[in-house]
>>> print(open('data.txt').read())   # compact mmCIF, C-alpha atoms
# COMPACT_ATOMS: atom_id res chain seq x y z
CA MET A 239 0.00 0.00 0.00
CA ALA A 240 1.15 3.55 -0.73
CA LEU A 241 0.96 4.61 2.92
CA LEU A 242 3.40 1.88 3.88
CA ASP A 243 5.88 3.08 1.24
CA ASP A 244 5.65 6.58 2.71
CA TYR A 245 6.20 5.11 6.18
CA LYS A 246 9.36 3.35 5.00
CA LYS A 247 10.61 6.68 3.64
CA PHE A 248 9.82 8.25 7.03
CA LEU A 249 11.93 5.58 8.77
CA ARG A 250 14.84 6.10 6.36
CA GLU A 251 14.78 9.82 7.09
CA GLN A 252 15.09 8.91 10.76
CA GLY A 253 18.27 6.98 9.95
CA LYS A 254 16.80 3.53 10.57
CA SER A 255 18.62 0.55 9.08
CA GLU A 256 17.01 -1.42 6.24
CA ASN A 257 16.61 -4.35 8.61
CA THR A 258 14.73 -2.19 11.11
CA ILE A 259 12.56 -0.74 8.34
CA LYS A 260 11.69 -4.25 7.17
CA THR A 261 10.83 -5.31 10.73
CA TYR A 262 8.71 -2.25 11.53
CA SER A 263 6.78 -2.32 8.27
CA GLY A 264 6.22 -6.06 8.70
CA HIS A 265 4.67 -5.51 12.12
CA VAL A 266 2.41 -2.76 10.76
CA ASN A 267 1.32 -5.15 7.98
CA GLU A 268 0.56 -7.79 10.61
CA TYR A 269 -1.66 -5.33 12.48
CA TYR A 270 -3.48 -4.44 9.24
CA ARG A 271 -4.12 -8.14 8.53
CA TRP A 272 -5.40 -8.73 12.06
CA TYR A 273 -7.68 -5.68 11.83
CA LYS A 274 -9.10 -6.75 8.46
CA ASP A 275 -9.64 -10.33 9.66
CA THR A 276 -11.37 -9.03 12.79
CA PHE A 277 -13.48 -6.17 11.41
CA GLY A 278 -13.74 -6.98 7.70
CA GLU A 279 -12.13 -3.75 6.52
CA GLU A 280 -8.79 -1.97 6.56
CA PRO A 281 -8.14 0.57 9.34
CA THR A 282 -8.15 4.28 8.53
CA LEU A 283 -6.90 5.39 11.95
CA LEU A 284 -5.31 3.81 15.02
CA TYR A 285 -7.59 3.51 18.04
CA HIS A 286 -6.42 2.79 21.58
CA THR A 287 -9.08 0.13 22.13
CA ASN A 288 -8.03 -1.73 18.99
CA ILE A 289 -4.37 -1.63 20.05
CA LEU A 290 -5.29 -3.21 23.39
CA ASP A 291 -7.33 -5.90 21.60
CA PHE A 292 -4.40 -6.60 19.29
CA ARG A 293 -2.06 -6.89 22.28
CA SER A 294 -4.48 -9.32 23.93
CA TYR A 295 -4.59 -11.35 20.70
CA LEU A 296 -0.79 -11.57 20.58
CA GLN A 297 -0.57 -12.50 24.23
CA ASN A 298 -3.47 -14.93 24.63
CA ILE A 299 -4.05 -16.37 21.15
CA LYS A 300 -0.60 -16.23 19.59
CA LYS A 301 1.06 -16.88 22.97
CA LEU A 302 3.97 -14.58 22.17
CA LYS A 303 6.56 -13.58 24.74
CA PHE A 304 6.43 -10.08 26.20
CA LYS A 305 9.58 -9.08 24.31
CA SER A 306 8.01 -9.97 20.95
CA ILE A 307 4.78 -8.17 21.80
CA ASP A 308 6.64 -5.07 22.92
CA THR A 309 8.60 -4.99 19.66
CA LYS A 310 5.35 -5.01 17.70
CA LEU A 311 3.84 -2.28 19.87
CA SER A 312 7.02 -0.25 19.40
CA SER A 313 6.57 -0.51 15.63
CA LEU A 314 2.95 0.61 15.90
CA THR A 315 4.03 3.54 18.09
CA SER A 316 6.46 4.60 15.36
CA PHE A 317 3.71 4.21 12.74
CA ASN A 318 1.40 6.31 14.94
CA GLU A 319 4.03 9.07 15.02
CA PHE A 320 4.26 8.91 11.23
CA LEU A 321 0.47 9.24 10.85
CA VAL A 322 0.49 12.29 13.11
CA GLN A 323 3.35 13.87 11.18
CA ILE A 324 1.59 13.56 7.81
CA GLY A 325 -1.71 14.79 9.25
CA VAL A 326 -3.70 11.56 8.93
CA GLN A 327 -4.06 11.27 12.71
CA LYS A 328 -4.18 13.96 15.38
CA ASP A 329 -3.01 12.10 18.47
CA LEU A 330 -0.75 9.37 19.80
CA VAL A 331 -2.94 6.52 21.01
CA ILE A 332 -0.31 4.09 22.34
CA THR A 333 0.84 4.92 25.87
CA ALA A 334 3.75 3.69 27.98
CA GLU A 335 1.29 1.77 30.12
CA ASP A 336 0.26 -0.27 27.07
CA ARG A 337 3.74 -1.71 26.72
CA LEU A 338 4.83 -4.96 28.34
CA LYS A 339 8.48 -3.94 28.40
CA PHE A 340 8.74 -3.58 32.18
CA GLN A 341 7.76 -7.16 32.86
CA GLN A 342 10.08 -8.42 30.15
CA GLU A 343 13.19 -6.38 30.89
CA ILE A 344 13.21 -6.79 34.65
CA ALA A 345 15.13 -10.06 34.21
CA SER A 346 17.13 -9.05 31.17
CA PRO A 347 20.82 -8.44 31.85
CA ALA A 348 22.65 -5.43 30.46
CA GLU A 349 23.90 -6.27 26.97
CA ILE A 350 27.03 -4.09 26.90
CA GLU A 351 29.81 -3.56 29.42
CA LYS A 352 32.21 -0.71 30.13
CA LYS A 353 34.92 -2.11 27.86
CA ASP A 354 32.41 -2.27 24.98
CA VAL A 355 31.37 1.33 25.58
CA GLU A 356 34.92 2.65 25.80
CA ALA A 357 35.95 0.85 22.60
CA PHE A 358 32.88 2.26 20.83
CA LEU A 359 33.54 5.81 22.03
CA GLN A 360 37.13 5.67 20.80
CA LYS A 361 35.99 4.42 17.40
CA VAL A 362 33.47 7.26 17.17
CA LEU A 363 36.22 9.77 17.97
CA VAL A 364 38.73 8.37 15.49
CA ASP A 365 36.31 7.61 12.64
CA THR A 366 33.75 10.42 12.88
CA GLY A 367 35.23 13.30 14.89
CA LYS A 368 34.83 15.39 18.03
CA ARG A 369 31.18 16.39 17.62
CA ASN A 370 29.91 12.82 17.43
CA TYR A 371 32.27 11.76 20.20
CA ALA A 372 30.84 14.43 22.52
CA ILE A 373 27.31 13.28 21.72
CA ALA A 374 28.12 9.63 22.40
CA VAL A 375 29.90 10.49 25.66
CA ILE A 376 26.86 12.46 26.87
CA LEU A 377 24.53 9.58 26.03
CA ALA A 378 26.80 7.09 27.81
CA TYR A 379 27.67 9.11 30.91
CA ALA A 380 24.67 11.38 31.43
CA GLY A 381 21.88 9.01 30.36
CA LEU A 382 20.16 11.44 27.99
CA ARG A 383 17.75 10.54 25.22
CA VAL A 384 18.89 11.43 21.69
CA SER A 385 16.12 14.04 21.38
CA GLU A 386 17.31 15.67 24.62
CA CYS A 387 20.94 15.66 23.56
CA ILE A 388 20.46 17.33 20.18
CA SER A 389 18.23 19.97 21.81
CA ILE A 390 20.90 21.19 24.25
CA SER A 391 21.54 24.93 23.89
CA LEU A 392 24.93 26.52 24.48
CA THR A 393 23.50 28.26 27.54
CA ASN A 394 22.27 24.97 29.01
CA ILE A 395 25.71 23.70 29.97
CA ASP A 396 27.60 25.05 32.99
CA PHE A 397 31.14 23.69 33.10
CA GLN A 398 31.98 25.27 36.45
CA ALA A 399 28.90 23.93 38.21
CA ARG A 400 29.20 20.65 36.25
CA GLU A 401 25.51 20.82 35.41
CA LEU A 402 23.40 20.46 32.29
CA LEU A 403 19.86 21.81 31.95
CA VAL A 404 17.87 19.25 29.98
CA THR A 405 14.38 19.56 28.52
CA GLY A 406 12.79 16.11 28.44
CA LYS A 407 9.45 14.53 27.63
CA GLY A 408 6.42 16.72 28.20
CA ASN A 409 8.70 19.78 28.03
CA LYS A 410 9.82 19.05 31.60
CA GLN A 411 13.21 20.42 32.61
CA ARG A 412 15.72 18.78 34.91
CA ILE A 413 19.29 19.33 36.05
CA VAL A 414 21.72 16.58 35.03
CA PHE A 415 25.16 16.33 36.62
CA ILE A 416 28.08 15.82 34.25
CA ASN A 417 31.49 14.24 34.83
CA ASP A 418 34.99 15.18 33.66
CA LYS A 419 34.73 12.94 30.60
CA ILE A 420 31.70 14.87 29.32
CA ILE A 421 33.26 18.26 30.11
CA HIS A 422 36.50 17.39 28.29
CA ALA A 423 34.65 15.99 25.26
CA VAL A 424 32.38 19.02 24.88
CA ARG A 425 35.22 21.51 25.36
CA GLU A 426 37.28 19.79 22.67
CA TYR A 427 34.30 19.88 20.32
CA LEU A 428 33.71 23.59 20.98
CA LYS A 429 37.24 24.30 19.76
CA VAL A 430 36.27 23.14 16.26
CA ARG A 431 32.59 24.13 16.28
CA ASN A 432 31.85 26.83 13.72
CA SER A 433 28.28 28.08 13.93
CA GLN A 434 26.12 30.92 15.22
CA SER A 435 23.35 28.47 16.18
CA GLU A 436 21.96 28.50 19.70
CA TYR A 437 22.21 24.71 19.76
CA LEU A 438 25.33 23.01 21.06
CA PHE A 439 25.41 20.31 18.41
CA VAL A 440 25.09 21.55 14.85
CA SER A 441 24.97 20.01 11.39
CA ARG A 442 27.47 20.62 8.60
CA ASN A 443 25.48 23.65 7.42
CA GLY A 444 25.45 25.08 10.93
CA GLY A 445 21.83 24.30 11.79
CA LYS A 446 20.32 22.07 14.47
CA LEU A 447 21.44 18.48 14.24
CA HIS A 448 18.82 15.86 13.29
CA ARG A 449 18.53 12.58 15.18
CA SER A 450 19.06 10.67 11.92
CA SER A 451 22.64 11.96 11.91
CA VAL A 452 23.17 10.42 15.34
CA ASN A 453 21.68 7.10 14.26
CA ARG A 454 23.87 7.18 11.18
CA PHE A 455 27.19 7.42 13.00
CA PHE A 456 26.08 4.81 15.53
CA ASN A 457 25.33 2.41 12.67
CA GLN A 458 28.68 3.28 11.11
CA CYS A 459 30.67 2.55 14.26
CA SER A 460 28.84 -0.46 15.71
CA ASN A 461 26.35 -3.17 14.82
CA LYS A 462 25.73 -3.77 18.51
CA ILE A 463 25.56 -0.45 20.36
CA THR A 464 22.59 1.88 19.85
CA PRO A 465 21.66 5.18 21.56
CA HIS A 466 19.06 3.34 23.62
CA LYS A 467 21.58 0.72 24.72
CA LEU A 468 23.95 3.47 25.86
CA ARG A 469 21.12 4.91 27.95
CA HIS A 470 20.46 1.41 29.32
CA TYR A 471 24.18 1.10 30.07
CA PHE A 472 24.25 4.42 31.93
CA CYS A 473 21.32 3.48 34.16
CA SER A 474 22.65 0.00 34.95
CA HIS A 475 26.23 1.22 35.48
CA ALA A 476 25.13 4.14 37.69
CA LEU A 477 23.20 1.78 39.96
CA GLU A 478 26.21 -0.54 40.16
CA MET A 479 28.40 2.44 41.11
CA GLY A 480 26.16 3.32 44.05
CA TYR A 481 23.52 5.69 42.67
CA THR A 482 20.13 5.24 44.31
CA ILE A 483 17.10 4.42 42.19
CA ALA A 484 15.75 7.92 42.87
CA GLU A 485 19.02 9.51 41.71
CA VAL A 486 19.08 7.52 38.47
CA ALA A 487 15.40 8.30 37.87
CA ASN A 488 16.15 12.03 38.18
CA GLN A 489 19.28 11.89 36.04
CA ALA A 490 17.60 9.88 33.26
CA GLY A 491 14.31 11.78 33.43
CA HIS A 492 12.13 8.78 34.26
CA ALA A 493 8.57 9.80 35.10
CA SER A 494 8.35 6.91 37.55
CA GLU A 495 10.94 5.08 39.63
CA ARG A 496 9.28 1.88 38.44
CA THR A 497 10.85 2.54 35.06
CA THR A 498 14.28 2.74 36.70
CA LEU A 499 13.78 -0.68 38.28
CA ILE A 500 14.26 -2.39 34.92
CA TYR A 501 17.92 -1.36 35.09
CA THR A 502 18.63 -3.03 38.42
CA ASN A 503 19.77 -6.14 36.54
CA THR A 504 23.42 -7.11 36.32
CA SER A 505 25.71 -7.94 33.43
CA ARG A 506 25.74 -11.38 31.81
CA GLU A 507 29.24 -12.13 33.06
CA LYS A 508 28.37 -11.23 36.64
CA MET A 509 25.30 -13.45 36.44
CA LYS A 510 27.47 -16.33 35.22
CA GLU A 511 29.91 -15.75 38.07
CA LYS A 512 27.09 -15.80 40.60
CA SER A 513 25.66 -19.00 39.12
CA ASN A 514 28.91 -20.80 39.97
CA LEU A 515 28.46 -19.83 43.61
CA LEU A 516 25.15 -21.67 43.91
>>> encode(input="data.txt", output="C-alpha cells")
Amino acid sequence: MALLDDYKKFLREQGKSENTIKTYSGHVNEYYRWYKDTFGEEPTLLYHTNILDFRSYLQNIKKLKFKSIDTKLSSLTSFNEFLVQIGVQKDLVITAEDRLKFQQEIASPAEIEKKDVEAFLQKVLVDTGKRNYAIAVILAYAGLRVSECISISLTNIDFQARELLVTGKGNKQRIVFINDKIIHAVREYLKVRNSQSEYLFVSRNGGKLHRSSVNRFFNQCSNKITPHKLRHYFCSHALEMGYTIAEVANQAGHASERTTLIYTNTSREKMKEKSNLL
C-alpha cells in the first residue's frame, strides 16, 4: 500500500537501518491483517481500544513472549508518530502503560559492558570526529535521550557547576550532573565548532542536528551499540556504582521510579559468576 511506502521513507529519514525498516513495516502489515480479519475492513486510523485488543490477541491467542509483543507495539508507536506527522491522525494513542516492556526487561541483563562502551567511544572519535564523540559520551555518561541531547543549547551547559539543563518529555526540565569525561569531550568539540546556532550540536550547514545523523554514525561505528543501549548502560552502570534508584530516575528523566527498576539487573558475566556460587 502507498501509505506503507511513505512510512518506509519516514523511517529512512530517521536513519533507521534497512533491517529495522523491514521489521517495523512487517509488524504494521501484521496489524493491518489482524484488523481486516477481525473487522472486515482496513483501518483508517489507530484507536487505543483496537491496540489493546491486538495486544491481547498476541498474548493470549498467539502466545507470544512479552519481548516480541513489545517490539510489535514499538513498531505501531512509530507508525502512529508517522500518521500524526503527515496529518492523517491527530493524536498518539499508544501509551507507555500499554507496553509490556517492564515485565520483560526486569530479568534481562545489560547487553554491553564498560569495555564495549569505551571501545565504541574511541571508534566514534577516530572515525567520525569530536562532535559525534561528545554526543556519544553524553549519552553514555549522562543518560540522555537522543532528542534531549540534540536539543541542548549553548547556555544549558555550565562547566563550572558541572551541570546540564535538559528539557525532556512533556517539556519538563531537569538538572543533570556531568562528569569530567563529558566536560572534556564538549570543550574539545567547541574548539572546532563553527556556527552561530543556539544549539550546542550543529549540522554541517550550521543548523540544528537531526537525530538521523546520530543514528547514522552509531550504525557506522557499531552493529551492537545503539543510543538506547547506551542509555540502558548508563542506568545499569550508575546503579552498580552506588547511585540510588531515585538519583538515576532524576538523572535519566524517568517519570516513575518503576521505570528505573528495569535497570537493576546485572551484566551477563556477573550473572554467570554468581551462578557458579550456587
>>> residues_near_point(input="data.txt", point="(27.1, 24.3, 26.9)", cutoff="9 Å", atoms="only C-alpha atoms", output="list in words")
Ile390, Ser391, Leu392, Thr393, Asn394, Ile395, Asp396, Phe397, Leu402, Val424, Arg425, Leu428, Tyr437 and Leu438 of chain A
>>> atom_distance(input="data.txt", atom1="atom CA of A:Asp329", atom2="atom CA of A:Lys305")
25.3 Å
>>> atom_distance(input="data.txt", atom1="atom CA of A:Phe358", atom2="atom CA of A:Ile388")
19.5 Å
>>> atom_distance(input="data.txt", atom1="atom CA of A:Ala423", atom2="atom CA of A:Gly367")
10.7 Å
>>> axis_aligned_box(input="data.txt", around="stretch 387-396 of chain A", padding_each_side="3 Å", output="lines of an AutoDock Vina configuration file")
center_x = 22.9
center_y = 22.0
center_z = 26.6
size_x = 15.4
size_y = 18.6
size_z = 18.8
>>> residues_around(input="data.txt", residues="A:His448", least_positions_apart="5", cutoff="12 Å", atoms="only C-alpha atoms", output="list in words")
Glu251, Gln252, Gly253, Val384, Ser385, Glu386, Cys387, Ile388, Ser389, Tyr437, Phe439, Val440, Ser441, Arg442, Asn443, Asn453, Arg454 and Phe455 of chain A
>>> write_last_selection(input="data.txt", atoms="C-alpha atoms", output="mmCIF file, in the coordinates of the input")
data_model
loop_
_atom_site.group_PDB
_atom_site.id
_atom_site.type_symbol
_atom_site.label_atom_id
_atom_site.label_comp_id
_atom_site.auth_asym_id
_atom_site.auth_seq_id
_atom_site.Cartn_x
_atom_site.Cartn_y
_atom_site.Cartn_z
ATOM 1 C CA GLU A 251 14.780 9.820 7.090
ATOM 2 C CA GLN A 252 15.090 8.910 10.760
ATOM 3 C CA GLY A 253 18.270 6.980 9.950
ATOM 4 C CA VAL A 384 18.890 11.430 21.690
ATOM 5 C CA SER A 385 16.120 14.040 21.380
ATOM 6 C CA GLU A 386 17.310 15.670 24.620
ATOM 7 C CA CYS A 387 20.940 15.660 23.560
ATOM 8 C CA ILE A 388 20.460 17.330 20.180
ATOM 9 C CA SER A 389 18.230 19.970 21.810
ATOM 10 C CA TYR A 437 22.210 24.710 19.760
ATOM 11 C CA PHE A 439 25.410 20.310 18.410
ATOM 12 C CA VAL A 440 25.090 21.550 14.850
ATOM 13 C CA SER A 441 24.970 20.010 11.390
ATOM 14 C CA ARG A 442 27.470 20.620 8.600
ATOM 15 C CA ASN A 443 25.480 23.650 7.420
ATOM 16 C CA ASN A 453 21.680 7.100 14.260
ATOM 17 C CA ARG A 454 23.870 7.180 11.180
ATOM 18 C CA PHE A 455 27.190 7.420 13.000
#
>>> residues_around(input="data.txt", residues="stretch 411-416 of chain A", least_positions_apart="3", cutoff="10 Å", atoms="only C-alpha atoms", output="list of chain:residue names")
A:Ile376, A:Tyr379, A:Ala380, A:Gly381, A:Leu382, A:Asn394, A:Ile395, A:Asp396, A:Phe397, A:Ala399, A:Arg400, A:Glu401, A:Leu402, A:Leu403, A:Val404, A:Thr405, A:Gly406, A:Lys407, A:Gly408, A:Lys419, A:Ile420, A:Ile421, A:Asn488, A:Gln489, A:Ala490, A:Gly491
>>> write_last_selection(input="data.txt", atoms="C-alpha atoms", output="compact mmCIF listing (two decimals), in the frame of the given file")
# COMPACT_ATOMS: atom_id res chain seq x y z
CA ILE A 376 26.86 12.46 26.87
CA TYR A 379 27.67 9.11 30.91
CA ALA A 380 24.67 11.38 31.43
CA GLY A 381 21.88 9.01 30.36
CA LEU A 382 20.16 11.44 27.99
CA ASN A 394 22.27 24.97 29.01
CA ILE A 395 25.71 23.70 29.97
CA ASP A 396 27.60 25.05 32.99
CA PHE A 397 31.14 23.69 33.10
CA ALA A 399 28.90 23.93 38.21
CA ARG A 400 29.20 20.65 36.25
CA GLU A 401 25.51 20.82 35.41
CA LEU A 402 23.40 20.46 32.29
CA LEU A 403 19.86 21.81 31.95
CA VAL A 404 17.87 19.25 29.98
CA THR A 405 14.38 19.56 28.52
CA GLY A 406 12.79 16.11 28.44
CA LYS A 407 9.45 14.53 27.63
CA GLY A 408 6.42 16.72 28.20
CA LYS A 419 34.73 12.94 30.60
CA ILE A 420 31.70 14.87 29.32
CA ILE A 421 33.26 18.26 30.11
CA ASN A 488 16.15 12.03 38.18
CA GLN A 489 19.28 11.89 36.04
CA ALA A 490 17.60 9.88 33.26
CA GLY A 491 14.31 11.78 33.43
>>> residues_around(input="data.txt", residues="stretch 240-244 of chain A", least_positions_apart="5", cutoff="10 Å", atoms="all atoms listed in the file", output="CSV table (one decimal) with C-alpha atoms, in the frame of the given file")
chain,number,residue,atom,x,y,z
A,249,LEU,CA,11.9,5.6,8.8
A,250,ARG,CA,14.8,6.1,6.4
A,263,SER,CA,6.8,-2.3,8.3
A,264,GLY,CA,6.2,-6.1,8.7
A,266,VAL,CA,2.4,-2.8,10.8
A,267,ASN,CA,1.3,-5.2,8.0
A,317,PHE,CA,3.7,4.2,12.7
A,320,PHE,CA,4.3,8.9,11.2
A,321,LEU,CA,0.5,9.2,10.8
A,324,ILE,CA,1.6,13.6,7.8
>>> closest_residue(input="data.txt", among="A:Val452, A:Ile307, A:Leu284, A:Val430", to="A:Ile332", atoms="all atoms listed in the file")
A:Leu284
